[in-house]
Amino acid sequence: MKISIPDGPEVIIIGVTDQVFTFKDDSGTEWHWNASAGMRIADASGRPPSAFYPSDHGLDIPQLLRQYPDLDLDYARKADTTKPILFVPFPGGTSVLIDGWHRLAGAILHEMPCLLCFELTEEERDQILVLKIPPKAESPKLVPMALTRSRQAPCPKGGHRP
């Protein structure tokens with residue numbers, strides 16, 4: 001849920017049990033979507049899920065591990081592959097998987113040819129966007145300094161020369 005504070009920022013309220021998925025694009029922009037809210041929207045929409053064929057996208061376990069290094073394959077083997085996975089549309093005609101990485105891995109591990117998926121509309125995707133962080137500016141490059149050491153008395157209080 002989004003609320004606007006008069007003359008203030010828009011505040012996004014999420015449930016304490018909601019799962020937020022973070023994606024960093026090629027430009028370095030971080031996108032944070034409320035995947036739980038996205039699944040609620042997809043479920044409530046009444047539209048049927050589509051079939052998703054991992055092999056059509058060149059997906060296998062090594063590819064998934066490159067994209068999601070912390071993927072727990074033991075957990076994936078037990079994941080409920082009957083529950084649809086969830087995508088959001090992304091610029092350039094691509095989509096981002098925001099919910100169901102373990103279900104997808106489980107389907108691949110169990111050699112299932114396909115699993116069910118939902119893809120939100122752009123409007124629905126925007127409704128569940130929690131935070132978008134632009135790329136970080138490059139830090140200024142630090143250069144080494146040559147220190148001159150004086151054999152005088154220690155630095156006076158406050159660092160000022162007498």
# chains A, B, ... in the order shown; residues from 1 in each chain; ligands from 1
$ select_by_dssp --residues "range 47-89 of chain A" --states "strand (DSSP E)" --output "PyMOL selection string"
chain A and resi 50-52+85-89
$ write_last_selection --atoms "N, CA and C atoms" --output "tab-separated table (two decimals), in the first residue's frame"
chain	number	residue	atom	x	y	z
A	50	SER	N	0.47	-18.91	-17.18
A	50	SER	CA	1.00	-19.41	-18.45
A	50	SER	C	2.01	-20.51	-18.16
A	51	ALA	N	2.38	-21.23	-19.21
A	51	ALA	CA	3.42	-22.24	-19.09
A	51	ALA	C	4.77	-21.58	-19.36
A	52	PHE	N	5.75	-21.93	-18.54
A	52	PHE	CA	7.12	-21.43	-18.71
A	52	PHE	C	8.03	-22.63	-18.90
A	85	ILE	N	5.51	-19.35	-10.68
A	85	ILE	CA	6.57	-18.38	-10.46
A	85	ILE	C	6.08	-17.03	-10.97
A	86	LEU	N	6.79	-15.95	-10.63
A	86	LEU	CA	6.28	-14.62	-10.94
A	86	LEU	C	7.35	-13.75	-11.60
A	87	PHE	N	6.98	-13.18	-12.75
A	87	PHE	CA	7.85	-12.27	-13.49
A	87	PHE	C	7.24	-10.87	-13.52
A	88	VAL	N	8.12	-9.88	-13.66
A	88	VAL	CA	7.68	-8.51	-13.96
A	88	VAL	C	8.32	-8.10	-15.28
A	89	PRO	N	7.60	-7.32	-16.10
A	89	PRO	CA	8.19	-6.86	-17.35
A	89	PRO	C	9.30	-5.85	-17.07
$ residues_around --residues "Arg40 in chain A" --least-positions-apart "5" --cutoff "12 Å" --atoms "only C-alpha atoms" --output "list of chain:residue names"
A:Asp18, A:Gln19, A:Asn34, A:Ala35, A:Ser45, A:Gly46, A:Pro84, A:Leu86, A:Asp99, A:Phe118, A:Leu120, A:Glu124, A:Gln127, A:Ile128
$ write_last_selection --atoms "all heavy atoms" --output "short mmCIF file (atom, residue, chain, number, x, y, z; two decimals), in the first residue's frame"
data_model
loop_
_atom_site.label_atom_id
_atom_site.label_comp_id
_atom_site.auth_asym_id
_atom_site.auth_seq_id
_atom_site.Cartn_x
_atom_site.Cartn_y
_atom_site.Cartn_z
N ASP A 18 6.05 -10.00 4.15
CA ASP A 18 6.19 -9.89 2.71
C ASP A 18 7.65 -10.05 2.29
O ASP A 18 8.56 -9.60 2.98
CB ASP A 18 5.67 -8.54 2.20
CG ASP A 18 4.15 -8.51 2.09
OD1 ASP A 18 3.51 -9.53 2.39
OD2 ASP A 18 3.61 -7.46 1.69
N GLN A 19 7.83 -10.70 1.17
CA GLN A 19 9.16 -10.92 0.62
C GLN A 19 9.44 -9.84 -0.42
O GLN A 19 8.65 -9.61 -1.33
CB GLN A 19 9.22 -12.31 -0.03
CG GLN A 19 10.55 -12.62 -0.64
CD GLN A 19 10.55 -13.98 -1.32
OE1 GLN A 19 9.55 -14.68 -1.38
NE2 GLN A 19 11.69 -14.35 -1.85
N ASN A 34 7.99 -5.81 -4.09
CA ASN A 34 7.31 -6.62 -3.10
C ASN A 34 6.73 -7.83 -3.83
O ASN A 34 5.64 -7.77 -4.41
CB ASN A 34 6.21 -5.80 -2.41
CG ASN A 34 5.53 -6.57 -1.30
OD1 ASN A 34 5.49 -7.80 -1.31
ND2 ASN A 34 4.98 -5.85 -0.34
N ALA A 35 7.48 -8.93 -3.81
CA ALA A 35 7.07 -10.14 -4.54
C ALA A 35 5.78 -10.73 -3.97
O ALA A 35 4.95 -11.26 -4.72
CB ALA A 35 8.20 -11.17 -4.51
N SER A 45 -6.20 -11.48 -9.93
CA SER A 45 -6.54 -10.99 -11.26
C SER A 45 -7.53 -11.89 -11.99
O SER A 45 -8.23 -11.45 -12.90
CB SER A 45 -5.28 -10.85 -12.11
OG SER A 45 -4.78 -12.13 -12.49
N GLY A 46 -7.55 -13.17 -11.62
CA GLY A 46 -8.44 -14.11 -12.30
C GLY A 46 -7.88 -14.65 -13.60
O GLY A 46 -8.47 -15.54 -14.20
N PRO A 84 2.79 -21.23 -9.15
CA PRO A 84 3.41 -20.47 -10.25
C PRO A 84 4.57 -19.58 -9.78
O PRO A 84 4.59 -19.13 -8.64
CB PRO A 84 2.27 -19.60 -10.78
CG PRO A 84 1.03 -20.28 -10.34
CD PRO A 84 1.36 -20.94 -9.03
N LEU A 86 6.79 -15.95 -10.63
CA LEU A 86 6.28 -14.62 -10.94
C LEU A 86 7.35 -13.75 -11.60
O LEU A 86 8.45 -13.60 -11.08
CB LEU A 86 5.80 -13.94 -9.65
CG LEU A 86 5.21 -12.55 -9.78
CD1 LEU A 86 3.90 -12.57 -10.58
CD2 LEU A 86 4.98 -11.94 -8.40
N ASP A 99 9.86 -13.93 -8.03
CA ASP A 99 9.42 -14.90 -7.03
C ASP A 99 9.41 -16.28 -7.67
O ASP A 99 8.80 -16.48 -8.73
CB ASP A 99 8.02 -14.55 -6.52
CG ASP A 99 7.60 -15.43 -5.35
OD1 ASP A 99 8.45 -15.75 -4.50
OD2 ASP A 99 6.41 -15.79 -5.27
N PHE A 118 3.22 -16.45 -13.80
CA PHE A 118 2.46 -15.23 -14.02
C PHE A 118 3.46 -14.16 -14.43
O PHE A 118 4.61 -14.16 -13.97
CB PHE A 118 1.77 -14.74 -12.75
CG PHE A 118 0.56 -15.52 -12.35
CD1 PHE A 118 0.56 -16.27 -11.18
CD2 PHE A 118 -0.60 -15.48 -13.11
CE1 PHE A 118 -0.56 -16.97 -10.79
CE2 PHE A 118 -1.73 -16.18 -12.73
CZ PHE A 118 -1.72 -16.93 -11.56
N LEU A 120 3.28 -10.01 -14.41
CA LEU A 120 2.49 -8.84 -14.10
C LEU A 120 2.51 -7.86 -15.27
O LEU A 120 3.41 -7.89 -16.11
CB LEU A 120 3.02 -8.14 -12.85
CG LEU A 120 3.00 -8.95 -11.56
CD1 LEU A 120 3.52 -8.11 -10.40
CD2 LEU A 120 1.62 -9.49 -11.25
N GLU A 124 0.89 -3.15 -12.84
CA GLU A 124 0.98 -3.97 -11.63
C GLU A 124 2.40 -3.97 -11.09
O GLU A 124 2.60 -3.89 -9.87
CB GLU A 124 0.52 -5.40 -11.93
CG GLU A 124 -0.97 -5.50 -12.23
CD GLU A 124 -1.37 -6.83 -12.83
OE1 GLU A 124 -0.51 -7.53 -13.42
OE2 GLU A 124 -2.57 -7.17 -12.72
N GLN A 127 3.00 -0.91 -9.18
CA GLN A 127 2.29 -0.91 -7.90
C GLN A 127 3.10 -1.58 -6.80
O GLN A 127 2.95 -1.24 -5.63
CB GLN A 127 0.95 -1.63 -8.02
CG GLN A 127 -0.11 -0.90 -8.79
CD GLN A 127 -1.36 -1.75 -8.96
OE1 GLN A 127 -1.60 -2.70 -8.22
NE2 GLN A 127 -2.17 -1.41 -9.95
N ILE A 128 3.93 -2.54 -7.16
CA ILE A 128 4.67 -3.30 -6.15
C ILE A 128 6.11 -2.84 -6.02
O ILE A 128 6.88 -3.43 -5.26
CB ILE A 128 4.59 -4.81 -6.40
CG1 ILE A 128 5.29 -5.19 -7.70
CG2 ILE A 128 3.15 -5.30 -6.37
CD1 ILE A 128 5.57 -6.68 -7.86
#
$ atom_distance --atom1 "CA of Lys132 in chain A" --atom2 "CA of Ile41 in chain A"
20.2 Å
$ atom_distance --atom1 "CA of Thr81 in chain A" --atom2 "CA of Leu116 in chain A"
8.2 Å
$ atom_distance --atom1 "CA of Ser55 in chain A" --atom2 "CA of Glu122 in chain A"
25.4 Å
$ closest_residue --among "A:His110, A:Arg77, A:Arg66, A:His32" --to "Asp126 in chain A" --atoms "only C-alpha atoms"
A:His32
$ select_by_dssp --residues "range 10-149 of chain A" --states "helix (DSSP H, G or I)" --output "PyMOL selection string"
chain A and resi 35-45+54-57+61-67+73-78+101-109+122-127
$ residues_around --residues "Gly106 in chain A" --least-positions-apart "2" --cutoff "12 Å" --atoms "only C-alpha atoms" --output "ChimeraX atom specification"
/A:54,60-61,64,71-83,85,100-104,108-115
$ write_last_selection --atoms "N, CA and C atoms" --output "PDB file, in the first residue's frame"
ATOM      1  N   PRO A  54      11.756 -23.669 -19.057  1.00  0.00           N
ATOM      2  CA  PRO A  54      13.126 -23.213 -18.777  1.00  0.00           C
ATOM      3  C   PRO A  54      14.101 -23.460 -19.927  1.00  0.00           C
ATOM      4  N   ASP A  60      19.492 -23.668 -16.964  1.00  0.00           N
ATOM      5  CA  ASP A  60      19.871 -24.904 -16.307  1.00  0.00           C
ATOM      6  C   ASP A  60      20.430 -24.509 -14.941  1.00  0.00           C
ATOM      7  N   ILE A  61      20.807 -25.478 -14.162  1.00  0.00           N
ATOM      8  CA  ILE A  61      21.269 -25.173 -12.799  1.00  0.00           C
ATOM      9  C   ILE A  61      22.527 -24.293 -12.803  1.00  0.00           C
ATOM     10  N   LEU A  64      21.355 -20.750 -13.395  1.00  0.00           N
ATOM     11  CA  LEU A  64      20.648 -20.199 -12.237  1.00  0.00           C
ATOM     12  C   LEU A  64      21.628 -19.817 -11.132  1.00  0.00           C
ATOM     13  N   LEU A  71      21.476 -19.621  -4.192  1.00  0.00           N
ATOM     14  CA  LEU A  71      20.378 -20.565  -4.401  1.00  0.00           C
ATOM     15  C   LEU A  71      20.661 -21.848  -3.623  1.00  0.00           C
ATOM     16  N   ASP A  72      19.728 -22.250  -2.794  1.00  0.00           N
ATOM     17  CA  ASP A  72      19.864 -23.445  -1.959  1.00  0.00           C
ATOM     18  C   ASP A  72      19.246 -24.627  -2.710  1.00  0.00           C
ATOM     19  N   LEU A  73      20.095 -25.457  -3.294  1.00  0.00           N
ATOM     20  CA  LEU A  73      19.595 -26.560  -4.121  1.00  0.00           C
ATOM     21  C   LEU A  73      18.883 -27.630  -3.302  1.00  0.00           C
ATOM     22  N   ASP A  74      19.288 -27.830  -2.045  1.00  0.00           N
ATOM     23  CA  ASP A  74      18.567 -28.796  -1.199  1.00  0.00           C
ATOM     24  C   ASP A  74      17.140 -28.318  -0.957  1.00  0.00           C
ATOM     25  N   TYR A  75      16.985 -27.031  -0.698  1.00  0.00           N
ATOM     26  CA  TYR A  75      15.655 -26.453  -0.516  1.00  0.00           C
ATOM     27  C   TYR A  75      14.869 -26.522  -1.830  1.00  0.00           C
ATOM     28  N   ALA A  76      15.546 -26.265  -2.939  1.00  0.00           N
ATOM     29  CA  ALA A  76      14.893 -26.281  -4.252  1.00  0.00           C
ATOM     30  C   ALA A  76      14.310 -27.657  -4.570  1.00  0.00           C
ATOM     31  N   ARG A  77      14.990 -28.710  -4.163  1.00  0.00           N
ATOM     32  CA  ARG A  77      14.495 -30.061  -4.430  1.00  0.00           C
ATOM     33  C   ARG A  77      13.138 -30.311  -3.772  1.00  0.00           C
ATOM     34  N   LYS A  78      12.852 -29.573  -2.677  1.00  0.00           N
ATOM     35  CA  LYS A  78      11.605 -29.757  -1.933  1.00  0.00           C
ATOM     36  C   LYS A  78      10.573 -28.673  -2.238  1.00  0.00           C
ATOM     37  N   ALA A  79      10.924 -27.724  -3.101  1.00  0.00           N
ATOM     38  CA  ALA A  79      10.027 -26.594  -3.386  1.00  0.00           C
ATOM     39  C   ALA A  79       8.744 -27.064  -4.059  1.00  0.00           C
ATOM     40  N   ASP A  80       7.675 -26.339  -3.803  1.00  0.00           N
ATOM     41  CA  ASP A  80       6.362 -26.656  -4.372  1.00  0.00           C
ATOM     42  C   ASP A  80       6.304 -26.158  -5.817  1.00  0.00           C
ATOM     43  N   THR A  81       6.619 -27.027  -6.743  1.00  0.00           N
ATOM     44  CA  THR A  81       6.660 -26.645  -8.160  1.00  0.00           C
ATOM     45  C   THR A  81       5.267 -26.532  -8.783  1.00  0.00           C
ATOM     46  N   THR A  82       4.220 -26.764  -7.981  1.00  0.00           N
ATOM     47  CA  THR A  82       2.865 -26.564  -8.516  1.00  0.00           C
ATOM     48  C   THR A  82       2.437 -25.100  -8.378  1.00  0.00           C
ATOM     49  N   LYS A  83       3.133 -24.339  -7.538  1.00  0.00           N
ATOM     50  CA  LYS A  83       2.818 -22.915  -7.362  1.00  0.00           C
ATOM     51  C   LYS A  83       3.512 -22.125  -8.475  1.00  0.00           C
ATOM     52  N   ILE A  85       5.511 -19.350 -10.685  1.00  0.00           N
ATOM     53  CA  ILE A  85       6.573 -18.381 -10.456  1.00  0.00           C
ATOM     54  C   ILE A  85       6.081 -17.028 -10.971  1.00  0.00           C
ATOM     55  N   GLY A 100      10.106 -17.225  -7.046  1.00  0.00           N
ATOM     56  CA  GLY A 100      10.068 -18.600  -7.528  1.00  0.00           C
ATOM     57  C   GLY A 100      11.393 -19.173  -7.984  1.00  0.00           C
ATOM     58  N   TRP A 101      12.497 -18.579  -7.567  1.00  0.00           N
ATOM     59  CA  TRP A 101      13.803 -19.108  -7.975  1.00  0.00           C
ATOM     60  C   TRP A 101      13.982 -20.558  -7.528  1.00  0.00           C
ATOM     61  N   HIS A 102      13.589 -20.867  -6.312  1.00  0.00           N
ATOM     62  CA  HIS A 102      13.735 -22.251  -5.832  1.00  0.00           C
ATOM     63  C   HIS A 102      12.768 -23.190  -6.538  1.00  0.00           C
ATOM     64  N   ARG A 103      11.560 -22.716  -6.849  1.00  0.00           N
ATOM     65  CA  ARG A 103      10.611 -23.553  -7.602  1.00  0.00           C
ATOM     66  C   ARG A 103      11.144 -23.819  -9.002  1.00  0.00           C
ATOM     67  N   LEU A 104      11.722 -22.794  -9.623  1.00  0.00           N
ATOM     68  CA  LEU A 104      12.309 -22.965 -10.954  1.00  0.00           C
ATOM     69  C   LEU A 104      13.457 -23.967 -10.905  1.00  0.00           C
ATOM     70  N   ILE A 108      13.766 -27.768 -12.693  1.00  0.00           N
ATOM     71  CA  ILE A 108      14.910 -28.190 -13.514  1.00  0.00           C
ATOM     72  C   ILE A 108      15.542 -29.445 -12.922  1.00  0.00           C
ATOM     73  N   LEU A 109      15.732 -29.453 -11.598  1.00  0.00           N
ATOM     74  CA  LEU A 109      16.333 -30.629 -10.948  1.00  0.00           C
ATOM     75  C   LEU A 109      15.489 -31.886 -11.127  1.00  0.00           C
ATOM     76  N   HIS A 110      14.168 -31.716 -11.144  1.00  0.00           N
ATOM     77  CA  HIS A 110      13.264 -32.870 -11.304  1.00  0.00           C
ATOM     78  C   HIS A 110      12.929 -33.126 -12.772  1.00  0.00           C
ATOM     79  N   GLU A 111      13.648 -32.438 -13.659  1.00  0.00           N
ATOM     80  CA  GLU A 111      13.504 -32.605 -15.110  1.00  0.00           C
ATOM     81  C   GLU A 111      12.068 -32.396 -15.583  1.00  0.00           C
ATOM     82  N   MET A 112      11.399 -31.423 -14.982  1.00  0.00           N
ATOM     83  CA  MET A 112      10.058 -31.055 -15.437  1.00  0.00           C
ATOM     84  C   MET A 112      10.233 -30.154 -16.655  1.00  0.00           C
ATOM     85  N   PRO A 113       9.525 -30.405 -17.743  1.00  0.00           N
ATOM     86  CA  PRO A 113       9.712 -29.584 -18.938  1.00  0.00           C
ATOM     87  C   PRO A 113       9.197 -28.154 -18.780  1.00  0.00           C
ATOM     88  N   CYS A 114       8.188 -27.965 -17.919  1.00  0.00           N
ATOM     89  CA  CYS A 114       7.652 -26.610 -17.744  1.00  0.00           C
ATOM     90  C   CYS A 114       7.052 -26.469 -16.358  1.00  0.00           C
ATOM     91  N   LEU A 115       6.809 -25.224 -15.982  1.00  0.00           N
ATOM     92  CA  LEU A 115       6.076 -24.916 -14.771  1.00  0.00           C
ATOM     93  C   LEU A 115       5.216 -23.696 -15.037  1.00  0.00           C
TER      94      LEU A 115
END
